[in-house]
file work34.tsv (TSV, C-alpha atoms)
chain	number	residue	atom	x	y	z
A	1	MET	CA	26.08	109.47	115.28
A	2	ARG	CA	25.14	111.09	112.03
A	3	ALA	CA	21.45	111.42	111.24
A	4	GLY	CA	20.17	108.43	109.38
A	5	ARG	CA	23.01	106.16	110.52
A	6	SER	CA	22.45	103.01	112.52
A	7	SER	CA	23.77	103.06	116.04
A	8	ASP	CA	25.04	99.49	115.64
A	9	ARG	CA	28.76	99.70	116.48
A	10	SER	CA	29.38	96.47	114.55
A	11	ARG	CA	29.04	98.44	111.34
A	12	TYR	CA	32.28	100.24	110.47
A	13	ASP	CA	31.63	103.73	109.18
A	14	PRO	CA	34.66	105.21	107.33
A	15	GLY	CA	33.00	108.58	107.63
A	16	ILE	CA	33.30	108.35	111.39
A	17	THR	CA	36.47	106.32	111.91
A	18	ASP	CA	39.89	107.57	110.84
A	19	LEU	CA	42.42	104.88	111.69
A	20	HIS	CA	45.92	106.13	112.38
A	21	THR	CA	48.85	104.09	111.11
A	22	ARG	CA	50.24	104.12	114.64
A	23	LYS	CA	47.29	102.07	115.83
A	24	LEU	CA	47.70	99.69	112.90
A	25	ARG	CA	51.36	99.17	113.73
A	26	TYR	CA	50.50	98.60	117.40
A	27	PHE	CA	47.85	96.06	116.43
A	28	ILE	CA	50.26	94.22	114.11
A	29	ALA	CA	52.88	94.00	116.84
A	30	VAL	CA	50.41	92.51	119.35
A	31	ALA	CA	49.02	90.15	116.72
A	32	GLU	CA	52.50	88.88	115.90
A	33	GLU	CA	53.68	88.59	119.50
A	34	LEU	CA	50.33	87.49	120.98
A	35	HIS	CA	51.64	89.04	124.16
A	36	PHE	CA	51.08	92.64	125.25
A	37	SER	CA	54.26	92.94	127.30
A	38	ARG	CA	56.51	91.69	124.50
A	39	ALA	CA	54.72	93.86	121.95
A	40	ALA	CA	55.11	96.92	124.19
A	41	ALA	CA	58.84	96.25	124.56
A	42	ARG	CA	59.17	95.81	120.80
A	43	LEU	CA	57.41	99.11	120.21
A	44	PHE	CA	59.21	100.96	123.05
A	45	VAL	CA	55.91	102.02	124.62
A	46	ALA	CA	54.32	101.36	127.99
A	47	GLN	CA	52.09	98.29	128.14
A	48	GLN	CA	49.24	100.38	129.55
A	49	ALA	CA	49.43	102.81	126.63
A	50	LEU	CA	49.52	99.94	124.14
A	51	SER	CA	46.48	98.28	125.71
A	52	ARG	CA	44.60	101.58	125.57
A	53	GLN	CA	45.41	102.02	121.85
A	54	ILE	CA	44.17	98.49	121.06
A	55	ARG	CA	40.93	99.09	123.00
A	56	GLU	CA	40.37	102.34	121.10
A	57	LEU	CA	40.97	100.52	117.82
A	58	GLU	CA	38.44	97.82	118.74
A	59	ASP	CA	35.94	100.50	119.72
A	60	GLU	CA	36.42	102.29	116.43
A	61	LEU	CA	35.94	99.06	114.49
A	62	GLY	CA	33.04	97.97	116.65
A	63	THR	CA	34.36	94.46	117.19
A	64	PRO	CA	36.95	92.76	119.40
A	65	LEU	CA	40.23	91.82	117.72
A	66	PHE	CA	41.70	89.76	120.54
A	67	LEU	CA	40.50	87.19	123.03
A	68	ARG	CA	42.27	87.93	126.31
A	69	SER	CA	42.74	85.73	129.33
A	70	SER	CA	45.18	85.73	132.21
A	71	ARG	CA	47.29	83.16	130.41
A	72	ARG	CA	47.08	83.93	126.70
A	73	VAL	CA	46.09	86.35	123.95
A	74	GLU	CA	44.46	85.11	120.73
A	75	LEU	CA	43.18	86.75	117.59
A	76	THR	CA	39.48	86.64	116.99
A	77	ALA	CA	38.18	85.73	113.55
A	78	ALA	CA	37.77	89.45	112.89
A	79	GLY	CA	41.31	90.00	114.14
A	80	VAL	CA	42.70	87.49	111.64
A	81	VAL	CA	40.96	89.27	108.79
A	82	PHE	CA	42.01	92.70	110.03
A	83	LEU	CA	45.65	91.59	110.39
A	84	ALA	CA	45.91	90.80	106.69
A	85	GLY	CA	44.41	94.14	105.76
A	86	ALA	CA	46.49	96.09	108.28
A	87	ARG	CA	49.71	94.55	107.00
A	88	ALA	CA	48.77	95.37	103.42
A	89	VAL	CA	47.98	98.98	104.33
A	90	VAL	CA	51.19	99.52	106.33
A	91	ASP	CA	53.37	97.82	103.69
A	92	ALA	CA	51.80	99.91	100.93
A	93	LEU	CA	52.29	103.10	102.93
A	94	ASP	CA	55.92	102.26	103.70
A	95	GLU	CA	56.61	101.55	100.04
A	96	ALA	CA	54.90	104.77	98.97
A	97	VAL	CA	57.01	106.77	101.43
A	98	ALA	CA	60.23	105.07	100.30
A	99	THR	CA	59.39	105.62	96.63
A	100	THR	CA	58.53	109.26	97.30
A	101	VAL	CA	61.82	109.82	99.11
A	102	ARG	CA	63.78	108.14	96.30
A	103	THR	CA	61.98	110.25	93.72
A	104	GLY	CA	62.61	113.42	95.67
A	105	ARG	CA	66.29	112.61	95.93
A	106	SER	CA	66.72	111.38	92.36
A	107	VAL	CA	68.77	113.45	89.95
A	108	THR	CA	67.27	114.20	86.57
A	109	GLY	CA	67.97	116.55	83.70
A	110	THR	CA	70.24	116.77	80.70
A	111	LEU	CA	74.02	117.18	80.63
A	112	ARG	CA	75.67	118.12	77.33
A	113	VAL	CA	79.23	116.83	77.25
A	114	GLY	CA	81.55	118.11	74.55
A	115	PHE	CA	84.93	116.66	73.74
A	116	CYS	CA	87.73	117.23	71.29
A	117	PRO	CA	89.35	114.31	69.41
A	118	GLY	CA	90.79	111.86	71.92
A	119	ALA	CA	88.71	113.20	74.81
A	120	ALA	CA	90.09	111.81	78.09
A	121	LEU	CA	91.71	108.87	76.32
A	122	GLU	CA	91.33	105.57	78.20
A	123	LEU	CA	89.54	107.38	81.03
A	124	THR	CA	86.70	108.53	78.81
A	125	GLU	CA	84.66	105.35	79.05
A	126	PRO	CA	85.03	104.90	82.83
A	127	ILE	CA	84.01	108.51	83.45
A	128	LEU	CA	80.96	108.40	81.19
A	129	SER	CA	79.91	104.94	82.38
A	130	GLY	CA	80.43	105.92	85.99
A	131	PHE	CA	78.24	108.99	85.55
A	132	ARG	CA	75.48	107.01	83.84
A	133	ASP	CA	75.60	104.32	86.54
A	134	ARG	CA	75.36	106.86	89.33
A	135	TYR	CA	72.73	109.04	87.66
A	136	PRO	CA	70.65	106.77	85.42
A	137	ASP	CA	67.82	109.31	85.11
A	138	VAL	CA	70.09	111.97	83.62
A	139	THR	CA	70.20	112.26	79.83
A	140	VAL	CA	73.81	112.60	78.65
A	141	GLU	CA	74.27	114.21	75.24
A	142	LEU	CA	77.72	113.63	73.74
A	143	HIS	CA	79.14	115.55	70.82
A	144	GLU	CA	82.62	115.78	69.36
A	145	VAL	CA	83.89	119.28	68.71
A	146	PRO	CA	86.70	120.08	66.23
A	147	LEU	CA	90.02	121.29	67.59
A	148	SER	CA	89.24	124.74	66.22
A	149	ASP	CA	87.20	125.12	69.42
A	150	PRO	CA	89.56	124.02	72.22
A	151	SER	CA	86.78	124.66	74.76
A	152	ALA	CA	84.84	121.69	73.34
A	153	GLY	CA	81.72	123.81	72.95
A	154	VAL	CA	81.76	125.24	76.46
A	155	ALA	CA	82.68	128.79	75.41
A	156	GLY	CA	79.74	129.13	73.05
A	157	GLY	CA	77.26	127.36	75.29
A	158	ALA	CA	76.84	124.26	73.11
A	159	SER	CA	78.27	122.12	75.93
A	160	ASP	CA	77.59	122.28	79.66
A	161	VAL	CA	80.89	120.59	80.37
A	162	GLY	CA	83.80	119.72	78.12
A	163	ILE	CA	86.82	117.48	78.12
A	164	VAL	CA	89.43	119.96	76.99
A	165	ARG	CA	93.13	120.47	76.46
A	166	ALA	CA	94.51	123.39	78.42
A	167	PRO	CA	95.68	126.11	78.19
A	168	LEU	CA	92.66	128.06	77.02
A	169	THR	CA	92.28	131.83	76.80
A	170	THR	CA	88.51	131.91	76.67
A	171	ASP	CA	87.32	134.13	79.50
A	172	GLY	CA	84.91	132.69	82.03
A	173	ILE	CA	85.95	129.05	81.70
A	174	GLU	CA	87.24	127.10	84.68
A	175	VAL	CA	89.13	123.82	84.40
A	176	GLU	CA	89.95	120.91	86.67
A	177	THR	CA	92.92	118.77	85.62
A	178	LEU	CA	92.38	115.08	84.93
A	179	PHE	CA	95.96	114.22	83.95
A	180	THR	CA	99.01	115.51	82.12
A	181	GLU	CA	101.15	113.75	79.53
A	182	PRO	CA	104.40	114.39	77.68
A	183	LEU	CA	104.61	115.91	74.22
A	184	VAL	CA	105.98	114.17	71.18
A	185	ALA	CA	107.12	115.39	67.79
A	186	ALA	CA	105.32	113.78	64.86
A	187	VAL	CA	107.67	113.63	61.85
A	188	SER	CA	107.78	111.83	58.54
A	189	VAL	CA	109.81	108.63	58.41
A	190	ARG	CA	112.04	110.54	55.95
A	191	HIS	CA	112.63	113.46	58.33
A	192	ARG	CA	116.20	114.14	59.50
A	193	LEU	CA	115.18	113.37	63.10
A	194	ALA	CA	113.13	110.25	62.37
A	195	ASP	CA	115.72	107.85	63.81
A	196	ARG	CA	116.20	109.75	67.07
A	197	ALA	CA	115.06	108.32	70.41
A	198	THR	CA	114.31	111.80	71.77
A	199	VAL	CA	114.60	115.38	70.58
A	200	ASN	CA	114.64	118.76	72.26
A	201	VAL	CA	112.52	121.76	71.34
A	202	ALA	CA	115.40	123.71	69.79
A	203	GLU	CA	115.81	121.02	67.15
A	204	LEU	CA	112.23	121.52	65.97
A	205	LEU	CA	112.01	125.29	65.68
A	206	THR	CA	113.20	125.60	62.06
A	207	ASP	CA	110.58	123.21	60.69
A	208	PRO	CA	107.12	124.22	59.50
A	209	ILE	CA	104.66	123.10	62.16
A	210	THR	CA	101.05	122.06	61.83
A	211	LEU	CA	98.43	123.91	63.87
A	212	THR	CA	94.67	123.68	63.99
A	213	ARG	CA	92.87	126.79	62.84
A	214	THR	CA	91.65	128.45	66.02
A	215	GLU	CA	91.28	131.90	67.50
A	216	ASP	CA	92.45	130.78	70.92
A	217	ALA	CA	95.81	132.52	71.39
A	218	ALA	CA	96.98	130.42	74.35
A	219	TYR	CA	96.19	127.20	72.52
A	220	ARG	CA	98.07	128.38	69.42
A	221	ALA	CA	101.06	129.49	71.46
A	222	PHE	CA	101.34	126.21	73.33
A	223	TRP	CA	101.18	123.85	70.34
A	224	SER	CA	103.43	125.98	68.16
A	225	LEU	CA	106.14	126.13	70.90
A	226	GLU	CA	105.94	129.90	70.93
A	227	ALA	CA	107.56	130.20	74.35
A	228	PHE	CA	110.83	128.82	72.91
A	229	ARG	CA	111.07	131.04	69.82
A	230	ASP	CA	112.36	134.32	71.34
A	231	GLY	CA	109.74	136.29	69.45
A	232	ALA	CA	110.42	134.71	66.07
A	233	ALA	CA	107.24	133.80	64.22
A	234	PRO	CA	106.76	130.09	63.52
A	235	ARG	CA	106.01	128.81	60.05
A	236	ILE	CA	102.50	127.58	60.56
A	237	VAL	CA	100.76	125.05	58.34
A	238	GLU	CA	97.12	125.41	59.34
A	239	THR	CA	94.93	122.33	59.36
A	240	ARG	CA	91.24	121.77	59.91
A	241	SER	CA	91.27	118.24	61.32
A	242	VAL	CA	93.49	115.57	62.82
A	243	THR	CA	93.28	113.61	59.57
A	244	GLU	CA	94.51	116.60	57.59
A	245	GLU	CA	97.39	117.09	60.01
A	246	VAL	CA	98.41	113.44	59.64
A	247	GLN	CA	98.51	113.80	55.87
A	248	PHE	CA	100.74	116.88	55.99
A	249	VAL	CA	103.17	115.24	58.41
A	250	SER	CA	103.31	111.89	56.63
A	251	ALA	CA	104.03	113.65	53.34
A	252	GLY	CA	106.92	115.58	54.92
A	253	GLY	CA	105.28	118.99	54.51
A	254	ALA	CA	105.53	119.84	58.22
A	255	ILE	CA	106.09	118.41	61.65
A	256	GLY	CA	103.48	118.19	64.37
A	257	VAL	CA	103.63	118.60	68.11
A	258	THR	CA	101.07	116.53	69.92
A	259	ALA	CA	100.38	114.60	73.11
A	260	ALA	CA	101.98	111.20	73.59
A	261	ALA	CA	98.59	109.51	73.29
A	262	ALA	CA	98.89	110.02	69.53
A	263	ILE	CA	101.19	107.00	69.49
A	264	ARG	CA	98.27	104.83	70.59
A	265	TYR	CA	95.43	106.67	68.91
A	266	MET	CA	96.98	107.76	65.60
A	267	PRO	CA	99.56	105.17	64.51
A	268	HIS	CA	100.69	105.68	60.92
A	269	PRO	CA	103.29	103.74	58.91
A	270	SER	CA	104.81	106.94	57.52
A	271	ILE	CA	105.04	108.86	60.81
A	272	ARG	CA	107.41	108.59	63.77
A	273	PHE	CA	106.47	109.94	67.19
A	274	ILE	CA	109.52	111.09	69.17
A	275	PRO	CA	109.42	112.24	72.81
A	276	ILE	CA	110.41	115.88	73.27
A	277	SER	CA	112.74	115.96	76.27
A	278	ASP	CA	112.26	119.57	77.39
A	279	ALA	CA	108.73	120.47	76.31
A	280	PRO	CA	105.94	121.30	78.77
A	281	ARG	CA	103.33	118.64	79.37
A	282	SER	CA	99.86	118.58	77.83
A	283	THR	CA	96.98	118.94	80.28
A	284	CYS	CA	93.65	117.17	79.84
A	285	ALA	CA	90.93	118.69	81.97
A	286	VAL	CA	87.23	119.04	82.60
A	287	GLY	CA	86.10	122.53	81.62
A	288	TRP	CA	82.92	124.47	82.38
A	289	ARG	CA	81.71	128.04	82.43
A	290	ALA	CA	82.19	129.78	85.76
A	291	ASP	CA	78.67	131.19	85.52
A	292	ALA	CA	77.05	127.86	84.61
A	293	ALA	CA	73.84	127.08	86.49
A	294	ASN	CA	73.55	123.35	85.72
A	295	PRO	CA	74.11	121.43	89.00
A	296	LEU	CA	74.97	118.31	86.99
A	297	ILE	CA	78.36	119.83	86.15
A	298	ASP	CA	79.54	119.42	89.75
A	299	ARG	CA	78.25	115.84	89.78
A	300	PHE	CA	80.16	115.10	86.58
A	301	ARG	CA	83.33	116.48	88.13
A	302	GLU	CA	82.77	114.38	91.25
A	303	VAL	CA	82.47	111.24	89.14
A	304	ALA	CA	85.62	112.14	87.19
A	305	ARG	CA	87.56	112.59	90.43
A	306	ALA	CA	86.26	109.27	91.73
A	307	VAL	CA	87.39	107.49	88.56
A	308	LEU	CA	90.88	108.99	88.89
A	309	GLU	CA	91.10	107.75	92.49
A	310	GLN	CA	89.91	104.28	91.53
A	311	ALA	CA	92.24	103.87	88.53
A	312	PRO	CA	95.71	105.10	89.62
A	313	GLN	CA	97.54	102.58	87.44
A	314	LEU	CA	95.64	103.69	84.35
A	315	VAL	CA	96.36	107.33	85.10
A	316	SER	CA	100.03	106.49	85.64
A	317	ALA	CA	100.20	104.67	82.31
A	318	ILE	CA	98.75	107.71	80.53
A	319	GLU	CA	101.01	110.19	82.29
A	320	ASP	CA	104.20	108.16	81.88
A	321	PRO	CA	103.80	106.18	78.64
A	322	PHE	CA	107.55	105.78	78.11
A	323	GLY	CA	108.41	104.70	81.64
A	324	ALA	CA	110.21	106.60	84.37
A	325	SER	CA	113.10	107.40	82.00
A	326	ALA	CA	110.97	109.33	79.51
A	327	GLY	CA	112.79	112.33	78.10
A	328	THR	CA	116.23	111.21	79.26
A	329	GLY	CA	117.41	109.91	75.90
A	330	SER	CA	116.97	106.23	76.70
A	331	THR	CA	113.60	105.68	75.02
A	332	THR	CA	112.99	104.35	71.55
A	333	THR	CA	110.95	105.87	68.77
A	334	VAL	CA	107.48	104.48	68.23
A	335	GLY	CA	105.95	104.69	64.79
call {"tool": "encode", "arguments": {"input": "work34.tsv", "output": "structure tokens"}}
result
Amino acid sequence: MRAGRSSDRSRYDPGITDLHTRKLRYFIAVAEELHFSRAAARLFVAQQALSRQIRELEDELGTPLFLRSSRRVELTAAGVVFLAGARAVVDALDEAVATTVRTGRSVTGTLRVGFCPGAALELTEPILSGFRDRYPDVTVELHEVPLSDPSAGVAGGASDVGIVRAPLTTDGIEVETLFTEPLVAAVSVRHRLADRATVNVAELLTDPITLTRTEDAAYRAFWSLEAFRDGAAPRIVETRSVTEEVQFVSAGGAIGVTAAAAIRYMPHPSIRFIPISDAPRSTCAVGWRADAANPLIDRFREVARAVLEQAPQLVSAIEDPFGASAGTGSTTTVG
């Protein structure tokens, strides 16, 4: 005993006694079973070891917790009081451990998501909602980037991840495809091809063509149909926004080449959208810098893949908006 302390064992001294949670759990089991053999089986310990732990606990507390006889085990008045406290302590400890584990495993931080007009179309909301649902402690910053930056801010570091339209020539950017979709020609209702069900690329090459002002050579080449021109330079009408492009096309000053989603997202009474039968498809993708250090990028990609797997019909509708016969000459113009 410490100097100055009473030797009365009935007085609990927290400076002397350090109760282990194991003993508390053993006590609770015996108190609930009121039977040492059943409690030992429940705890997967030997009955002799359990009895020894309970005796040590009673010695440490300085008072008996159970009344034992050959036929029954009962709680003493002190045992009843201690049971309530022991349960509270163990429950609080278990909750603290669970909360600590959840906190340690939780994902936090900020993810900056850039997107060009249209983003991932009808998949945008499921992807963003799915990410927020899975990682509620992550702050998601969204910002729209003009088409003059096809990387959606990824190239310059304004975005951690972007929803982009490939191809891109910016070095150091990796992409993962979400879906592809057919191209359409956007022409004025007064254009010579306006009544056609489909057109081919060769029929479009003599027209001036709208193109967003950008330094990305691959992006410019794709949307101006450069691969079909045999080295001849296209007549480019540069635009600074989708709205500006629509105005040029509707006025008959140029044609546009765009993804089929424009039919749903940019309907205009003075414009017809005609499927191009032999054009390459437009690719919508998630893009990020290869040297990016933000671990949330991989989690965003995982969510995007999960959404694609869960929504095959939606993906199919985006990829084949005209039906299985798209590009064969049997579709009708939508305007």
call {"tool": "closest_atom_pairs", "arguments": {"input": "work34.tsv", "of": "stretch 153-247 of chain A", "to": "stretch 298-308 of chain A", "cutoff": "9 Å", "atoms": "all atoms listed in the file", "output": "JSON lines"}}
result
{"residue": "A:Val161", "atom": "CA", "partner": "A:Phe300", "partner_atom": "CA", "distance": 8.3}
{"residue": "A:Glu176", "atom": "CA", "partner": "A:Arg301", "partner_atom": "CA", "distance": 8.1}
{"residue": "A:Leu178", "atom": "CA", "partner": "A:Leu308", "partner_atom": "CA", "distance": 7.4}
{"residue": "A:Phe179", "atom": "CA", "partner": "A:Leu308", "partner_atom": "CA", "distance": 8.8}
call {"tool": "closest_atom_pairs", "arguments": {"input": "work34.tsv", "of": "stretch 89-170 of chain A", "to": "stretch 310-319 of chain A", "cutoff": "9 Å", "atoms": "only C-alpha atoms", "output": "Markdown table"}}
result
| residue | atom | partner | partner_atom | distance |
| --- | --- | --- | --- | --- |
| A:Leu121 | CA | A:Ile318 | CA | 8.3 |
| A:Glu122 | CA | A:Leu314 | CA | 7.7 |
| A:Leu123 | CA | A:Leu314 | CA | 7.9 |
call {"tool": "closest_residue", "arguments": {"input": "work34.tsv", "among": "A:Gly156, A:Gly287, A:Gly252, A:Gly79", "to": "A:Arg272", "atoms": "all atoms listed in the file"}}
result
A:Gly252
call {"tool": "residues_near_point", "arguments": {"input": "work34.tsv", "point": "(113.6, 108.4, 56.5)", "cutoff": "12 Å", "atoms": "all atoms listed in the file", "output": "list in words"}}
result
Val187, Ser188, Val189, Arg190, His191, Arg192, Leu193, Ala194, Asp195, Arg196, Ser250, Ala251, Gly252, Pro269, Ser270, Ile271, Arg272 and Gly335 of chain A
call {"tool": "atom_distance", "arguments": {"input": "work34.tsv", "atom1": "atom CA of A:Ala202", "atom2": "atom CA of A:Ala233"}}
result
14.1 Å
call {"tool": "residues_near_point", "arguments": {"input": "work34.tsv", "point": "(95.0, 125.7, 59.3)", "cutoff": "12 Å", "atoms": "all atoms listed in the file", "output": "ChimeraX atom specification"}}
result
/A:147-148,209-215,220,235-242,244-245,248
call {"tool": "write_last_selection", "arguments": {"input": "work34.tsv", "atoms": "C-alpha atoms", "output": "PDB file, keeping the file's coordinate frame"}}
result
ATOM      1  CA  LEU A 147      90.020 121.290  67.590  1.00  0.00           C
ATOM      2  CA  SER A 148      89.240 124.740  66.220  1.00  0.00           C
ATOM      3  CA  ILE A 209     104.660 123.100  62.160  1.00  0.00           C
ATOM      4  CA  THR A 210     101.050 122.060  61.830  1.00  0.00           C
ATOM      5  CA  LEU A 211      98.430 123.910  63.870  1.00  0.00           C
ATOM      6  CA  THR A 212      94.670 123.680  63.990  1.00  0.00           C
ATOM      7  CA  ARG A 213      92.870 126.790  62.840  1.00  0.00           C
ATOM      8  CA  THR A 214      91.650 128.450  66.020  1.00  0.00           C
ATOM      9  CA  GLU A 215      91.280 131.900  67.500  1.00  0.00           C
ATOM     10  CA  ARG A 220      98.070 128.380  69.420  1.00  0.00           C
ATOM     11  CA  ARG A 235     106.010 128.810  60.050  1.00  0.00           C
ATOM     12  CA  ILE A 236     102.500 127.580  60.560  1.00  0.00           C
ATOM     13  CA  VAL A 237     100.760 125.050  58.340  1.00  0.00           C
ATOM     14  CA  GLU A 238      97.120 125.410  59.340  1.00  0.00           C
ATOM     15  CA  THR A 239      94.930 122.330  59.360  1.00  0.00           C
ATOM     16  CA  ARG A 240      91.240 121.770  59.910  1.00  0.00           C
ATOM     17  CA  SER A 241      91.270 118.240  61.320  1.00  0.00           C
ATOM     18  CA  VAL A 242      93.490 115.570  62.820  1.00  0.00           C
ATOM     19  CA  GLU A 244      94.510 116.600  57.590  1.00  0.00           C
ATOM     20  CA  GLU A 245      97.390 117.090  60.010  1.00  0.00           C
ATOM     21  CA  PHE A 248     100.740 116.880  55.990  1.00  0.00           C
TER      22      PHE A 248
END
call {"tool": "atom_distance", "arguments": {"input": "work34.tsv", "atom1": "atom CA of A:Ala197", "atom2": "atom CA of A:Ile274"}}
result
6.3 Å
call {"tool": "residues_around", "arguments": {"input": "work34.tsv", "residues": "A:Ser37", "least_positions_apart": "3", "cutoff": "10 Å", "atoms": "all atoms listed in the file", "output": "tab-separated table (two decimals) with C-alpha atoms, keeping the file's coordinate frame"}}
result
chain	number	residue	atom	x	y	z
A	30	VAL	CA	50.41	92.51	119.35
A	33	GLU	CA	53.68	88.59	119.50
A	34	LEU	CA	50.33	87.49	120.98
A	40	ALA	CA	55.11	96.92	124.19
A	41	ALA	CA	58.84	96.25	124.56
A	42	ARG	CA	59.17	95.81	120.80
A	43	LEU	CA	57.41	99.11	120.21
A	45	VAL	CA	55.91	102.02	124.62
A	46	ALA	CA	54.32	101.36	127.99
A	47	GLN	CA	52.09	98.29	128.14
A	48	GLN	CA	49.24	100.38	129.55
A	50	LEU	CA	49.52	99.94	124.14
A	51	SER	CA	46.48	98.28	125.71
